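Student: Data file my_file20.cif (mmCIF, C-alpha atoms) is appended below.
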```cif
data_target
#
loop_
_atom_site.group_PDB
_atom_site.id
_atom_site.type_symbol
_atom_site.label_atom_id
_atom_site.label_comp_id
_atom_site.auth_asym_id
_atom_site.auth_seq_id
_atom_site.Cartn_x
_atom_site.Cartn_y
_atom_site.Cartn_z
ATOM 1 C CA MET A 1 -52.298 -14.424 -5.973
ATOM 2 C CA THR A 2 -50.758 -16.272 -3.009
ATOM 3 C CA LYS A 3 -47.468 -16.647 -4.898
ATOM 4 C CA LEU A 4 -47.421 -12.945 -5.687
ATOM 5 C CA LEU A 5 -48.016 -12.008 -2.050
ATOM 6 C CA THR A 6 -45.303 -14.439 -0.935
ATOM 7 C CA VAL A 7 -42.810 -12.942 -3.396
ATOM 8 C CA ILE A 8 -43.672 -9.396 -2.267
ATOM 9 C CA PHE A 9 -43.348 -10.360 1.410
ATOM 10 C CA LEU A 10 -39.961 -12.036 0.871
ATOM 11 C CA SER A 11 -38.725 -9.078 -1.165
ATOM 12 C CA LEU A 12 -39.708 -6.620 1.558
ATOM 13 C CA THR A 13 -38.068 -8.801 4.203
ATOM 14 C CA LEU A 14 -34.800 -8.967 2.243
ATOM 15 C CA VAL A 15 -34.786 -5.216 1.612
ATOM 16 C CA SER A 16 -35.449 -4.528 5.298
ATOM 17 C CA CYS A 17 -32.636 -6.835 6.444
ATOM 18 C CA ARG A 18 -30.238 -5.366 3.902
ATOM 19 C CA GLN A 19 -30.933 -1.772 5.021
ATOM 20 C CA ASN A 20 -30.432 -2.717 8.673
ATOM 21 C CA LYS A 21 -27.092 -4.376 7.874
ATOM 22 C CA GLN A 22 -25.900 -1.335 5.916
ATOM 23 C CA THR A 23 -26.603 0.924 8.910
ATOM 24 C CA THR A 24 -24.598 -1.334 11.208
ATOM 25 C CA ASP A 25 -21.790 -1.668 8.672
ATOM 26 C CA LYS A 26 -21.416 2.123 8.405
ATOM 27 C CA GLY A 27 -20.548 2.312 12.099
ATOM 28 C CA LYS A 28 -18.045 -0.505 11.714
ATOM 29 C CA GLU A 29 -16.634 1.072 8.598
ATOM 30 C CA ARG A 30 -16.171 4.352 10.480
ATOM 31 C CA ILE A 31 -14.247 2.740 13.359
ATOM 32 C CA ASP A 32 -12.153 0.712 10.874
ATOM 33 C CA ASN A 33 -11.246 3.993 9.172
ATOM 34 C CA VAL A 34 -10.277 5.456 12.558
ATOM 35 C CA CYS A 35 -7.889 2.538 13.126
ATOM 36 C CA ASP A 36 -6.465 2.906 9.600
ATOM 37 C CA LYS A 37 -6.002 6.657 10.089
ATOM 38 C CA PHE A 38 -4.373 6.113 13.485
ATOM 39 C CA MET A 39 -1.835 3.749 11.944
ATOM 40 C CA GLN A 40 -1.090 6.059 9.010
ATOM 41 C CA THR A 41 -0.690 9.049 11.328
ATOM 42 C CA PHE A 42 1.558 7.054 13.659
ATOM 43 C CA ALA A 43 3.657 5.836 10.706
ATOM 44 C CA ASP A 44 4.030 9.477 9.622
ATOM 45 C CA GLY A 45 5.597 10.191 13.026
ATOM 46 C CA LYS A 46 2.630 12.235 14.286
ATOM 47 C CA ILE A 47 2.258 10.328 17.541
ATOM 48 C CA SER A 48 0.409 13.069 19.456
ATOM 49 C CA GLU A 49 -2.117 13.416 16.648
ATOM 50 C CA ALA A 50 -2.609 9.638 16.457
ATOM 51 C CA LEU A 51 -3.201 9.374 20.200
ATOM 52 C CA GLN A 52 -5.647 12.286 20.058
ATOM 53 C CA LEU A 53 -7.611 10.252 17.519
ATOM 54 C CA LEU A 54 -7.553 7.328 19.956
ATOM 55 C CA LYS A 55 -8.860 9.578 22.765
ATOM 56 C CA GLN A 56 -11.804 10.671 20.618
ATOM 57 C CA ASN A 57 -12.836 7.123 19.658
ATOM 58 C CA SER A 58 -12.007 5.025 22.696
ATOM 59 C CA VAL A 59 -13.381 4.179 26.114
ATOM 60 C CA MET A 60 -9.815 4.333 27.421
ATOM 61 C CA SER A 61 -9.406 7.171 29.911
ATOM 62 C CA PRO A 62 -7.673 10.299 28.607
ATOM 63 C CA SER A 63 -5.137 10.075 31.446
ATOM 64 C CA SER A 64 -4.169 6.515 30.461
ATOM 65 C CA ILE A 65 -3.678 7.661 26.867
ATOM 66 C CA ASP A 66 -1.539 10.576 28.116
ATOM 67 C CA THR A 67 0.572 8.089 30.074
ATOM 68 C CA LEU A 68 0.808 5.931 26.972
ATOM 69 C CA GLN A 69 2.050 8.934 25.011
ATOM 70 C CA VAL A 70 4.887 9.494 27.505
ATOM 71 C CA THR A 71 5.821 5.807 27.221
ATOM 72 C CA ILE A 72 5.740 5.866 23.419
ATOM 73 C CA ASN A 73 7.810 9.057 23.275
ATOM 74 C CA ASN A 74 10.462 7.405 25.501
ATOM 75 C CA GLN A 75 10.447 4.292 23.332
ATOM 76 C CA VAL A 76 10.766 6.362 20.148
ATOM 77 C CA ASN A 77 13.966 7.855 21.550
ATOM 78 C CA THR A 78 15.411 4.540 22.751
ATOM 79 C CA MET A 79 14.009 1.340 21.296
ATOM 80 C CA PHE A 80 12.487 2.567 18.019
ATOM 81 C CA SER A 81 15.741 4.183 16.923
ATOM 82 C CA ALA A 82 17.382 0.727 16.945
ATOM 83 C CA TYR A 83 14.662 -0.505 14.553
ATOM 84 C CA GLY A 84 15.553 2.102 11.951
ATOM 85 C CA LYS A 85 13.276 4.452 10.087
ATOM 86 C CA ILE A 86 9.534 3.758 9.907
ATOM 87 C CA ILE A 87 8.718 2.529 6.402
ATOM 88 C CA SER A 88 4.935 2.090 6.550
ATOM 89 C CA SER A 89 2.014 0.466 8.307
ATOM 90 C CA GLU A 90 -0.009 -2.381 6.909
ATOM 91 C CA PHE A 91 -3.375 -3.844 7.873
ATOM 92 C CA ILE A 92 -2.946 -7.600 8.371
ATOM 93 C CA THR A 93 -6.217 -9.178 9.465
ATOM 94 C CA GLU A 94 -9.344 -8.850 11.564
ATOM 95 C CA ARG A 95 -10.924 -11.442 13.810
ATOM 96 C CA LYS A 96 -14.577 -11.162 14.861
ATOM 97 C CA VAL A 97 -16.884 -12.548 17.491
ATOM 98 C CA LYS A 98 -20.335 -12.275 15.914
ATOM 99 C CA ASP A 99 -21.166 -8.651 15.100
ATOM 100 C CA PHE A 100 -20.176 -7.077 18.392
ATOM 101 C CA ILE A 101 -16.447 -7.659 19.019
ATOM 102 C CA ALA A 102 -13.588 -7.392 16.558
ATOM 103 C CA LYS A 103 -9.822 -7.261 16.806
ATOM 104 C CA ARG A 104 -7.843 -5.542 14.030
ATOM 105 C CA PHE A 105 -4.153 -6.288 13.533
ATOM 106 C CA TYR A 106 -1.570 -4.072 11.853
ATOM 107 C CA ILE A 107 2.187 -4.213 11.365
ATOM 108 C CA LEU A 108 4.319 -1.088 11.610
ATOM 109 C CA LYS A 109 7.318 -1.766 9.384
ATOM 110 C CA PHE A 110 10.730 -0.322 10.190
ATOM 111 C CA ASP A 111 13.999 -0.658 8.240
ATOM 112 C CA LYS A 112 15.255 -3.406 10.575
ATOM 113 C CA TYR A 113 12.259 -4.674 12.516
ATOM 114 C CA TYR A 114 8.478 -4.539 13.002
ATOM 115 C CA LEU A 115 5.852 -3.955 15.658
ATOM 116 C CA LYS A 116 2.396 -5.507 15.783
ATOM 117 C CA PHE A 117 -0.449 -3.139 16.695
ATOM 118 C CA ASP A 118 -3.915 -4.344 17.623
ATOM 119 C CA PHE A 119 -7.192 -2.616 18.346
ATOM 120 C CA THR A 120 -10.083 -4.316 20.128
ATOM 121 C CA LEU A 121 -13.444 -2.957 18.978
ATOM 122 C CA TYR A 122 -16.830 -3.328 20.630
ATOM 123 C CA ASN A 123 -20.347 -2.679 19.380
ATOM 124 C CA ASN A 124 -22.950 -2.135 22.110
ATOM 125 C CA GLY A 125 -25.743 -2.324 19.537
ATOM 126 C CA LYS A 126 -25.730 1.424 18.942
ATOM 127 C CA ALA A 127 -22.135 2.309 18.093
ATOM 128 C CA TRP A 128 -18.643 0.885 17.702
ATOM 129 C CA THR A 129 -15.790 2.020 19.943
ATOM 130 C CA ILE A 130 -12.184 1.088 20.600
ATOM 131 C CA THR A 131 -11.941 -0.679 23.955
ATOM 132 C CA SER A 132 -8.226 -1.464 23.955
ATOM 133 C CA PHE A 133 -5.063 -0.755 22.051
ATOM 134 C CA ASN A 134 -1.768 -2.600 22.231
ATOM 135 C CA TYR A 135 1.532 -2.798 20.427
ATOM 136 C CA ASN A 136 4.367 -5.280 20.799
ATOM 137 C CA GLU A 137 6.461 -7.701 18.767
ATOM 138 C CA ASP A 138 4.427 -10.831 19.564
ATOM 139 C CA LEU A 139 2.998 -12.323 16.361
ATOM 140 C CA ILE A 140 1.295 -15.360 17.891
ATOM 141 C CA GLU A 141 -2.239 -13.996 17.316
ATOM 142 C CA ILE A 142 -1.470 -13.262 13.680
ATOM 143 C CA LEU A 143 0.358 -16.467 12.815
ATOM 144 C CA TYR A 144 -2.090 -18.937 14.368
#
```
What is this file in structure tokens?
Tutor:
Amino acid sequence: MTKLLTVIFLSLTLVSCRQNKQTTDKGKERIDNVCDKFMQTFADGKISEALQLLKQNSVMSPSSIDTLQVTINNQVNTMFSAYGKIISSEFITERKVKDFIAKRFYILKFDKYYLKFDFTLYNNGKAWTITSFNYNEDLIEILY
């Protein structure tokens, strides 16, 4: 009888832990999908739409994202044109600190060059959000 009760208790504990993890993972999965969609939208040349997605899922101020849009639009007309046509975006890797901070890395591939994009994600225990967004050509975080 003791063995049966022990087995039942352990089973209930495992089921409870598994359900709790699935709930947390759904929030992470949602924010991962937001990052993926942002990159796909950006690669499709829909920069305004991509940044709108960032506004809806970030703690970054709307005015800072508007300023970022002006900067990106200027770079599209100057710097990006030297890189050639956008080919695609590709998810590279994710680094985590426990279950509350993650950094996702992507590469935007052009005909002649690349840009690394990264999103820093934070979970306050209730929901995941994007806390920062960056793009540049520095690969140090990806290579090492």
Student: A:Phe91, A:Phe80, A:Tyr135, A:Phe100: which is nearest Lys112 (chain A), counting all atoms listed in the file?
Tutor: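 Using all atoms listed in the file, the shortest distance to Lys112 (chain A) belongs to A:Phe80.
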Student: Sorted by chain and rising residue number, list the residues of region 80-141 of chain A at most 9 Å from region 23-47 of chain A (counting all atoms listed in the file), each with its closest atom pair and distance in Å to one decimal, as a tab-separated table.
Tutor:
```
residue	atom	partner	partner_atom	distance
A:Ile86	CA	A:Ala43	CA	6.3
A:Ile87	CA	A:Ala43	CA	7.4
A:Ser88	CA	A:Ala43	CA	5.7
A:Ser89	CA	A:Ala43	CA	6.1
A:Glu90	CA	A:Met39	CA	8.1
A:Phe91	CA	A:Asp36	CA	7.6
A:Asp99	CA	A:Thr24	CA	9.0
A:Arg104	CA	A:Cys35	CA	8.1
A:Tyr106	CA	A:Met39	CA	7.8
A:Ile107	CA	A:Met39	CA	8.9
A:Leu108	CA	A:Ala43	CA	7.0
A:Lys109	CA	A:Ala43	CA	8.5
A:Phe117	CA	A:Met39	CA	8.5
A:Phe119	CA	A:Cys35	CA	7.4
A:Leu121	CA	A:Ile31	CA	8.0
A:Asn123	CA	A:Lys28	CA	8.3
A:Gly125	CA	A:Thr24	CA	8.5
A:Lys126	CA	A:Thr24	CA	8.3
A:Ala127	CA	A:Gly27	CA	6.2
A:Trp128	CA	A:Gly27	CA	6.1
A:Thr129	CA	A:Ile31	CA	6.8
A:Ile130	CA	A:Ile31	CA	7.7
```
Student: Looking at A:Ser132, A:Gln75, A:Asp118, A:Asp66, which one is nearest to Ile92 (chain A), with distances taken over only C-alpha atoms?
Tutor: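 Using only C-alpha atoms, the shortest distance to Ile92 (chain A) belongs to A:Asp118.
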Student: Between CA of Ala102 (chain A) and CA of Tyr122 (chain A), what is the spacing in Å?
Tutor: 6.6 Å
Student: CA of Leu54 (chain A) and CA of Phe110 (chain A), how far apart in Å?
Tutor: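 The value is 22.1 Å.
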Student: Using all atoms listed in the file for the distances, tell me which of A:Tyr113, A:Thr78, A:Ser63, A:Gln69 is nearest to Ala50 (chain A).
Tutor: A:Gln69
Student: What is the distance, in Å and to one decimal place, between CA of Phe133 (chain A) and CA of Arg95 (chain A)?
Tutor: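 Going from CA of Phe133 (chain A) over to CA of Arg95 (chain A) covers 14.7 Å.
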Student: With the file shown as input, list the residues that the PyMOL selection byres ((chain A and resi 136) around 9) selects, as an MDAnalysis selection string.
Tutor: chainID A and resid 114:118 134:135 137:139
Student: Select, from A:Ser48, A:Thr120, A:Thr93, A:Ser58, the residue with the minimum atom-to-atom distance to Asn73 (chain A), counting all atoms listed in the file.
Tutor: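 Closest candidate: A:Ser48.
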Student: Using the atoms already present, construct N, CA, C and O atoms for region 44-68 of chain A and hand them back as a compact mmCIF listing (two decimals), keeping the file's coordinate frame.
Tutor:
```
# COMPACT_ATOMS: atom_id res chain seq x y z
N ASP A 44 3.51 8.18 10.07
CA ASP A 44 4.03 9.48 9.62
C ASP A 44 4.80 10.20 10.72
O ASP A 44 5.29 11.31 10.51
N GLY A 45 4.86 9.60 11.91
CA GLY A 45 5.60 10.19 13.03
C GLY A 45 4.80 11.18 13.84
O GLY A 45 5.33 11.84 14.73
N LYS A 46 3.50 11.29 13.58
CA LYS A 46 2.63 12.24 14.29
C LYS A 46 1.95 11.51 15.45
O LYS A 46 0.74 11.27 15.44
N ILE A 47 2.74 11.16 16.44
CA ILE A 47 2.26 10.33 17.54
C ILE A 47 1.19 11.04 18.36
O ILE A 47 0.16 10.46 18.71
N SER A 48 1.40 12.31 18.67
CA SER A 48 0.41 13.07 19.46
C SER A 48 -0.93 13.12 18.74
O SER A 48 -1.99 12.94 19.35
N GLU A 49 -0.89 13.35 17.44
CA GLU A 49 -2.12 13.42 16.65
C GLU A 49 -2.82 12.05 16.60
O GLU A 49 -4.04 11.96 16.71
N ALA A 50 -2.04 10.99 16.48
CA ALA A 50 -2.61 9.64 16.46
C ALA A 50 -3.28 9.32 17.79
O ALA A 50 -4.40 8.80 17.82
N LEU A 51 -2.62 9.66 18.89
CA LEU A 51 -3.20 9.37 20.20
C LEU A 51 -4.41 10.25 20.49
O LEU A 51 -5.32 9.84 21.21
N GLN A 52 -4.46 11.44 19.93
CA GLN A 52 -5.65 12.29 20.06
C GLN A 52 -6.84 11.61 19.37
O GLN A 52 -7.96 11.62 19.88
N LEU A 53 -6.58 11.00 18.24
CA LEU A 53 -7.61 10.25 17.52
C LEU A 53 -8.11 9.08 18.37
O LEU A 53 -9.31 8.80 18.43
N LEU A 54 -7.19 8.43 19.06
CA LEU A 54 -7.55 7.33 19.96
C LEU A 54 -8.42 7.85 21.11
O LEU A 54 -9.42 7.22 21.46
N LYS A 55 -8.07 8.99 21.67
CA LYS A 55 -8.86 9.58 22.76
C LYS A 55 -10.30 9.83 22.34
O LYS A 55 -11.24 9.62 23.09
N GLN A 56 -10.48 10.30 21.11
CA GLN A 56 -11.80 10.67 20.62
C GLN A 56 -12.68 9.47 20.29
O GLN A 56 -13.89 9.60 20.17
N ASN A 57 -12.08 8.29 20.12
CA ASN A 57 -12.84 7.12 19.66
C ASN A 57 -12.67 5.91 20.55
O ASN A 57 -12.87 4.78 20.11
N SER A 58 -12.30 6.13 21.80
CA SER A 58 -12.01 5.03 22.70
C SER A 58 -12.69 5.22 24.04
O SER A 58 -12.98 6.34 24.45
N VAL A 59 -12.89 4.12 24.74
CA VAL A 59 -13.38 4.18 26.11
C VAL A 59 -12.21 4.26 27.09
O VAL A 59 -12.43 4.39 28.29
N MET A 60 -10.99 4.20 26.57
CA MET A 60 -9.82 4.33 27.42
C MET A 60 -9.80 5.74 28.01
O MET A 60 -10.15 6.71 27.33
N SER A 61 -9.40 5.86 29.26
CA SER A 61 -9.41 7.17 29.91
C SER A 61 -8.35 8.08 29.28
O SER A 61 -7.27 7.61 28.90
N PRO A 62 -8.66 9.36 29.17
CA PRO A 62 -7.67 10.30 28.61
C PRO A 62 -6.34 10.28 29.35
O PRO A 62 -5.28 10.39 28.75
N SER A 63 -6.39 10.10 30.68
CA SER A 63 -5.14 10.07 31.45
C SER A 63 -4.30 8.85 31.10
O SER A 63 -3.07 8.93 31.06
N SER A 64 -4.94 7.71 30.84
CA SER A 64 -4.17 6.52 30.46
C SER A 64 -3.55 6.68 29.07
O SER A 64 -2.44 6.22 28.82
N ILE A 65 -4.24 7.40 28.20
CA ILE A 65 -3.68 7.66 26.87
C ILE A 65 -2.53 8.67 26.97
O ILE A 65 -1.52 8.53 26.28
N ASP A 66 -2.64 9.64 27.88
CA ASP A 66 -1.54 10.58 28.12
C ASP A 66 -0.31 9.84 28.65
O ASP A 66 0.82 10.12 28.23
N THR A 67 -0.53 8.90 29.55
CA THR A 67 0.57 8.09 30.07
C THR A 67 1.18 7.25 28.96
O THR A 67 2.41 7.11 28.86
N LEU A 68 0.33 6.70 28.12
CA LEU A 68 0.81 5.93 26.97
C LEU A 68 1.67 6.79 26.05
O LEU A 68 2.69 6.34 25.54
```
